[in-house]
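Visitor: Pasting in a structure now, in structure tokens, and then I'll have a few things to ask.
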Amino acid sequence: MAITLKNLTHAAERQVFSAGIDQFLKHLGRMEDRTEAYLKLVDAAAHFYGKAATPEALDKVRAAIRDPENRWFRFINSVIDETDPHVAKMFLLNLGYEAFFRGTKMIRENREKYNCNIPWLILFDPTNACNMHCEGCWSGTYGHKSNLSFEMMDKIVTQGKELGVFLYMMTGGEPLVRKKDILRLAEKHNDCEFALYTNSTLIDEPFCKEVVRLGNIAFQLSIEGTPETNDARRGEGHYNAVMNAMDLLKKYGIIFGTSICYTSANIEAVTDLDFIRFIAEKGARYGFFFHYMPVGSNAVPALMPTVQQRKEMIEKIRYIRSDKCDIGFYPMDFQNDGEYVGGCIAGGRNYFHINANGDAEPCVFIHFSNTNIHDNSILEMLQSPLFMAYHEGQPFNRNHLRPCPMLENPDLLRQMVKETGAHQTNDESAESVDELCDKCDQYAENWAETAEEIWNSQKHKRPSYENYTKEKKEHPDLAAFEHVS
């Protein structure tokens with residue numbers, strides 16, 4: 001009875017938010033109406049979060065909404081204007097209400113209840129199969145024979161929702177090799193937002209029509225700069241395929257961004273302001289930048305950015321996000337934005353990865369595991385030895401420009417894998433933790449000095465909620481941070 005009542009309450013609450021979003025989207029014509037609609041959403045969020053939403057933070061948001069020159073609300077307005085109305089509604093309902101509002105509350109409660117990491121999103125691989133063979137691709141180390149059945153993908157999402165997870169990302173391989181099952185999964189779980197990392201080559205017009213009908217799928221398209229820098233790593237013709245996919249997604253009003261792996265060979269091209277402006281004009285509104293990781297037997301360590309390149313990367317990304325830049329594009333740097341998320345987000349602290357064999361890995365780049373979705377529940381996987389080692393060890397470095405236990409603190413990954421008895425998960429070519437970390441030792445040593453110089457030259461804000469263990473929360477090294485909500 002309690003479960004039924006809980007479900008009824010959720011359904012009623014979702015209906016209220018759905019009606020509110022309908023009204024919000026209905027009144028987006030005049031700017032005065034739009035501003036009023038935004039303010040009502042802030043009021044709804046304040047009511048929903050209660051004491052967790054401080055008056056100071058809410059007042060800052062309201063002031064930004066009322067400022068017609070505020071860069072980011074102009075940005076939001078443009079995204080809404082160019083997005084299909086049904087896609088916009090489902091995005092706001094699933095990512096806004098389910099994930100940010102309801103899901104966040106559930107996740108925080110479950111972290112206390114189960115004394116382990118509960119993620120905000122789950123990344124999984126429908127398949128390892130791929131129609132491309134990119135140089136140095138970490139996913140190539142898995143092989144191409146493994147797939148998660150529809151039933152296993154359904155299990156992941158069903159159990160994830162019970163813990164408060166309403167955002168699911170898919171990679172591979174190429175996830176769209178499993179196009180029909182992905183559409184089926186998104187339709188069954190229409191209260192979740194799904195985001196696909198794709199090489200773009202399988203996006204066509206019939207598929208776009210289905211995505212619009214469902215409304216709860218977004219995309220991150222892999223691209224690496226100019227036609228020359230992109231196709232040098234991804235193969236001839238790939239750049240043109242991405243351009244075609246961008247045109248289709250923009251035509252149908254489907255939300256999409258980019259997924260960019262920056263390397264020593266392409267870092268200048270993928271951060272060039274003309275390139276960023278170009279992909280924004282094509283319709284990409286956000287982008288994930290990933291530092292090249294030397295994972296697997298086919299890794300090319302020479303592709304790891306130099307110290308100077310990484311330093312410049314930090315400066316460029318933060319400039320693009322600043323008020324000094326007018327490009328309608330929001331970049332996120334997976335390796336250098338640790339300060340804003342409290343360091344390493346893996347191991348279930350904010351996300352974890354399930355490969356196509358079902359192995360639960362703490363990170364998409366850490367191919368070690370001691371638990372599997374075929375044998376365990378999502379909660380049991382999060383309570384497994386390797387995941388608990390992450391839970392107890394985070395943050396792995398007080399300098400959040402050195403967040404990763406592999407790339408910047410390789411001795412910590414060695415220790416966790418060996419102490420927990422985790423096994424490697426590469427089908428194609430086994431790689432021990434020592435073989436992996438040996439490729440990172442010199443990089444970590446070279447980066448440490450510069451990272452300390454940058455970190456110590458800046459003021460840092462400490463979020464009021466960090467999801468560390470009690471011992472880590474009270475660590476004296478964190479006392480220098482300025483607390484913010």
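Chains: A, B, ... in order of the structure tokens. Residues: from 1 per chain. Ligands: from 1, in order shown.
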Please build the interface table for range 85-133 of chain A against range 389-411 of chain A with a cut-off of 12 Å, listing for each qualifying residue the nearest atom pair and the distance in Å to one decimal; count only C-alpha atoms, order rows by chain and increasing number, and write it as a Markdown table.
Guide:
| residue | atom | partner | partner_atom | distance |
| --- | --- | --- | --- | --- |
| A:Arg111 | CA | A:His391 | CA | 10.6 |
| A:Tyr114 | CA | A:His391 | CA | 11.9 |
| A:Asn115 | CA | A:His391 | CA | 9.1 |
| A:Cys116 | CA | A:His391 | CA | 6.4 |
| A:Asn117 | CA | A:His391 | CA | 6.0 |
| A:Ile118 | CA | A:His391 | CA | 9.7 |
| A:Pro119 | CA | A:His391 | CA | 11.2 |
Visitor: With only C-alpha atoms as the counted atoms, please give the residues lying no more than 8 Å from Gln220 in chain A, apart from itself and same-chain residues fewer than 2 positions off, as a list in words.
Guide: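 In the requested format, the answer is Ala195, Leu196, Tyr197, Thr198, Ala218, Ser222, Phe256, Gly257, Thr258, Ser259, Gly287 and Phe288 of chain A.
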Visitor: Quote the spacing between CA of Ile366 in chain A and CA of Val295 in chain A in Å to one decimal place.
Guide: 8.0 Å
Visitor: Pick from A:Lys461, A:Lys472, A:Arg14, A:Arg285: nearest to Glu82 in chain A, with only C-alpha atoms counted?
Guide: A:Arg285
Visitor: Smallest atom-to-atom distance to Ala11 in chain A: which of A:Asp125, A:Asp191, A:Glu466, A:Asp154, using only C-alpha atoms?
Guide: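 Answer, going by the shortest atom-to-atom distance: A:Asp191.
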Visitor: Once DSSP has gone over the backbone, tell me which residues of range 351-468 of chain A are in strand (DSSP E), as number ranges by chain.
Guide: A: 351-354, 360-361, 368-369, 423-424, 461-463
Visitor: Step one, run DSSP on the backbone; step two, keep only residues of range 200-436 of chain A assigned to helix (DSSP H, G or I); then write them as a ChimeraX atom specification.
Guide: /A:205-214,227-234,238-251,267-270,273-281,301-303,307-320,338-341,378-382,385-393,410-420,433-436
Visitor: Please provide as an NGL selection string all residues within 6 Å of Pro305 in chain A, with the sequence filter that same-chain residues fewer than 4 positions apart are discarded (counting only C-alpha atoms).
Guide: :A and (263-264 or 309)
Visitor: Those same residues - N, CA, C and O atoms - I'd like them written as a short mmCIF file (atom, residue, chain, number, x, y, z; two decimals), in the first residue's frame.
Guide:
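Produced file part.cif, reproduced below:
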data_model
loop_
_atom_site.label_atom_id
_atom_site.label_comp_id
_atom_site.auth_asym_id
_atom_site.auth_seq_id
_atom_site.Cartn_x
_atom_site.Cartn_y
_atom_site.Cartn_z
N THR A 263 43.63 15.65 -27.77
CA THR A 263 44.91 14.97 -27.78
C THR A 263 46.03 15.97 -28.08
O THR A 263 45.77 17.13 -28.41
N SER A 264 47.25 15.50 -27.98
CA SER A 264 48.38 16.37 -28.31
C SER A 264 48.34 16.79 -29.77
O SER A 264 48.88 17.84 -30.14
N GLN A 309 49.97 22.26 -23.05
CA GLN A 309 48.69 22.15 -23.75
C GLN A 309 47.53 22.05 -22.76
O GLN A 309 46.48 22.67 -22.95
#
Visitor: Find the spatial neighbours of Glu419 in chain A, counting only C-alpha atoms, within a cut-off of 12 Å - ignore same-chain residues fewer than 5 positions away - and output them as a CSV table (one decimal) with N, CA and C atoms, in the first residue's frame.
Guide:
chain,number,residue,atom,x,y,z
A,370,ASN,N,34.6,-6.0,-10.1
A,370,ASN,CA,34.4,-7.2,-9.3
A,370,ASN,C,32.9,-7.4,-9.1
A,385,PRO,N,33.4,-4.2,-3.5
A,385,PRO,CA,34.6,-3.8,-2.9
A,385,PRO,C,35.3,-2.6,-3.6
A,386,LEU,N,35.4,-2.7,-5.0
A,386,LEU,CA,36.1,-1.6,-5.7
A,386,LEU,C,35.3,-0.3,-5.6
A,387,PHE,N,34.0,-0.4,-5.7
A,387,PHE,CA,33.2,0.9,-5.6
A,387,PHE,C,33.2,1.4,-4.2
A,388,MET,N,33.3,0.6,-3.2
A,388,MET,CA,33.4,1.1,-1.8
A,388,MET,C,34.8,1.7,-1.6
A,389,ALA,N,35.8,1.2,-2.3
A,389,ALA,CA,37.1,1.8,-2.2
A,389,ALA,C,37.1,3.2,-2.8
A,390,TYR,N,36.4,3.4,-3.9
A,390,TYR,CA,36.2,4.8,-4.4
A,390,TYR,C,35.4,5.7,-3.4
A,412,LEU,N,47.2,5.3,-6.5
A,412,LEU,CA,45.9,5.0,-5.8
A,412,LEU,C,45.1,4.0,-6.5
A,413,LEU,N,45.1,4.0,-7.8
A,413,LEU,CA,44.4,3.0,-8.6
A,413,LEU,C,45.0,1.7,-8.4
A,414,ARG,N,46.3,1.6,-8.5
A,414,ARG,CA,47.0,0.4,-8.3
A,414,ARG,C,46.6,-0.2,-6.9
A,433,VAL,N,46.6,-3.7,-14.0
A,433,VAL,CA,46.6,-2.3,-13.4
A,433,VAL,C,48.0,-1.7,-13.5
Visitor: Name all residues at most 12 Å from Gly328 in chain A (count only C-alpha atoms; drop same-chain ones fewer than 3 positions away) and give them as a ChimeraX atom specification.
Guide: /A:71-79,257,273,276-287,320-323,325,331
Visitor: Given only C-alpha atoms as the basis, pick out the residue of A:Leu39, A:Ala430, A:Asn376, A:Leu436 nearest to Ile65 in chain A.
Guide: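 Ranking A:Leu39, A:Ala430, A:Asn376, A:Leu436 by distance to Ile65 in chain A, first place goes to A:Leu39.
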Visitor: Residues near Thr306 in chain A, anyone? I mean within 9 Å using only C-alpha atoms, not counting same-chain ones fewer than 4 positions away, as a VMD selection string.
Guide: chain A and resid 263 to 264 310 to 311 443 446 to 447
Visitor: Restricted to all heavy atoms, what would the selected residues look like written as a PDB file, in the first residue's frame?
Guide:
ATOM      1  N   THR A 263      43.628  15.652 -27.774  1.00  0.00           N
ATOM      2  CA  THR A 263      44.913  14.972 -27.776  1.00  0.00           C
ATOM      3  C   THR A 263      46.027  15.972 -28.075  1.00  0.00           C
ATOM      4  O   THR A 263      45.765  17.125 -28.413  1.00  0.00           O
ATOM      5  CB  THR A 263      44.937  13.874 -28.861  1.00  0.00           C
ATOM      6  OG1 THR A 263      45.013  14.498 -30.159  1.00  0.00           O
ATOM      7  CG2 THR A 263      43.692  12.990 -28.803  1.00  0.00           C
ATOM      8  N   SER A 264      47.251  15.501 -27.979  1.00  0.00           N
ATOM      9  CA  SER A 264      48.381  16.370 -28.307  1.00  0.00           C
ATOM     10  C   SER A 264      48.343  16.792 -29.771  1.00  0.00           C
ATOM     11  O   SER A 264      48.875  17.835 -30.145  1.00  0.00           O
ATOM     12  CB  SER A 264      49.700  15.647 -28.017  1.00  0.00           C
ATOM     13  OG  SER A 264      49.798  14.447 -28.782  1.00  0.00           O
ATOM     14  N   ARG A 310      47.725  21.266 -21.697  1.00  0.00           N
ATOM     15  CA  ARG A 310      46.649  21.137 -20.713  1.00  0.00           C
ATOM     16  C   ARG A 310      46.416  22.463 -19.984  1.00  0.00           C
ATOM     17  O   ARG A 310      45.271  22.838 -19.708  1.00  0.00           O
ATOM     18  CB  ARG A 310      46.961  20.019 -19.723  1.00  0.00           C
ATOM     19  CG  ARG A 310      45.826  19.824 -18.724  1.00  0.00           C
ATOM     20  CD  ARG A 310      45.936  18.541 -17.949  1.00  0.00           C
ATOM     21  NE  ARG A 310      44.887  18.473 -16.936  1.00  0.00           N
ATOM     22  CZ  ARG A 310      44.737  17.494 -16.060  1.00  0.00           C
ATOM     23  NH1 ARG A 310      45.579  16.459 -16.096  1.00  0.00           N
ATOM     24  NH2 ARG A 310      43.767  17.515 -15.164  1.00  0.00           N
ATOM     25  N   LYS A 311      47.481  23.172 -19.687  1.00  0.00           N
ATOM     26  CA  LYS A 311      47.350  24.475 -19.045  1.00  0.00           C
ATOM     27  C   LYS A 311      46.547  25.424 -19.932  1.00  0.00           C
ATOM     28  O   LYS A 311      45.644  26.132 -19.467  1.00  0.00           O
ATOM     29  CB  LYS A 311      48.740  25.052 -18.756  1.00  0.00           C
ATOM     30  CG  LYS A 311      48.721  26.399 -18.058  1.00  0.00           C
ATOM     31  CD  LYS A 311      50.142  26.892 -17.797  1.00  0.00           C
ATOM     32  CE  LYS A 311      50.122  28.263 -17.119  1.00  0.00           C
ATOM     33  NZ  LYS A 311      51.508  28.766 -16.886  1.00  0.00           N
ATOM     34  N   TYR A 443      53.455  11.122 -16.702  1.00  0.00           N
ATOM     35  CA  TYR A 443      52.503  12.213 -16.947  1.00  0.00           C
ATOM     36  C   TYR A 443      52.088  12.846 -15.625  1.00  0.00           C
ATOM     37  O   TYR A 443      52.064  14.071 -15.480  1.00  0.00           O
ATOM     38  CB  TYR A 443      51.274  11.688 -17.690  1.00  0.00           C
ATOM     39  CG  TYR A 443      50.208  12.746 -17.906  1.00  0.00           C
ATOM     40  CD1 TYR A 443      50.131  13.455 -19.095  1.00  0.00           C
ATOM     41  CD2 TYR A 443      49.290  13.056 -16.898  1.00  0.00           C
ATOM     42  CE1 TYR A 443      49.165  14.433 -19.296  1.00  0.00           C
ATOM     43  CE2 TYR A 443      48.324  14.034 -17.080  1.00  0.00           C
ATOM     44  CZ  TYR A 443      48.268  14.718 -18.274  1.00  0.00           C
ATOM     45  OH  TYR A 443      47.316  15.691 -18.449  1.00  0.00           O
ATOM     46  N   ASN A 446      54.843  14.953 -14.193  1.00  0.00           N
ATOM     47  CA  ASN A 446      55.056  16.186 -14.956  1.00  0.00           C
ATOM     48  C   ASN A 446      53.957  17.220 -14.689  1.00  0.00           C
ATOM     49  O   ASN A 446      54.229  18.413 -14.599  1.00  0.00           O
ATOM     50  CB  ASN A 446      55.095  15.873 -16.453  1.00  0.00           C
ATOM     51  CG  ASN A 446      56.315  15.064 -16.844  1.00  0.00           C
ATOM     52  OD1 ASN A 446      57.284  14.960 -16.083  1.00  0.00           O
ATOM     53  ND2 ASN A 446      56.269  14.454 -18.015  1.00  0.00           N
ATOM     54  N   TRP A 447      52.703  16.752 -14.567  1.00  0.00           N
ATOM     55  CA  TRP A 447      51.576  17.663 -14.404  1.00  0.00           C
ATOM     56  C   TRP A 447      51.481  18.226 -12.991  1.00  0.00           C
ATOM     57  O   TRP A 447      50.984  19.335 -12.785  1.00  0.00           O
ATOM     58  CB  TRP A 447      50.277  16.948 -14.782  1.00  0.00           C
ATOM     59  CG  TRP A 447      49.028  17.726 -14.501  1.00  0.00           C
ATOM     60  CD1 TRP A 447      48.023  17.396 -13.654  1.00  0.00           C
ATOM     61  CD2 TRP A 447      48.655  18.997 -15.066  1.00  0.00           C
ATOM     62  NE1 TRP A 447      47.029  18.352 -13.646  1.00  0.00           N
ATOM     63  CE2 TRP A 447      47.401  19.355 -14.517  1.00  0.00           C
ATOM     64  CE3 TRP A 447      49.253  19.862 -15.980  1.00  0.00           C
ATOM     65  CZ2 TRP A 447      46.740  20.537 -14.844  1.00  0.00           C
ATOM     66  CZ3 TRP A 447      48.586  21.039 -16.311  1.00  0.00           C
ATOM     67  CH2 TRP A 447      47.364  21.373 -15.749  1.00  0.00           C
TER      68      TRP A 447
END
Visitor: For Leu25 in chain A, which residue among A:Pro85, A:Gly160, A:Gly96, A:Pro206 is the nearest when counting only C-alpha atoms?
Guide: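 Once distances to Leu25 in chain A are computed over only C-alpha atoms, the minimum belongs to A:Pro85.
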Visitor: Point out the residue among A:Tyr465, A:Phe368, A:Tyr168, A:Phe275 with the least atom-to-atom distance to His423 in chain A, counting only C-alpha atoms.
Guide: A:Phe368
Visitor: In Å, rounded to a single decimal, give me how far CA of Ala265 in chain A is from CA of Glu361 in chain A.
Guide: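 Interatomic distance, CA of Glu361 in chain A to CA of Ala265 in chain A: 28.5 Å.
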Visitor: Taking only C-alpha atoms into account, which of A:Ile254, A:Cys208, A:Ala451, A:Cys192 comes nearest Leu95 in chain A?
Guide: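 Closest to Leu95 in chain A, using only C-alpha atoms: A:Cys192.
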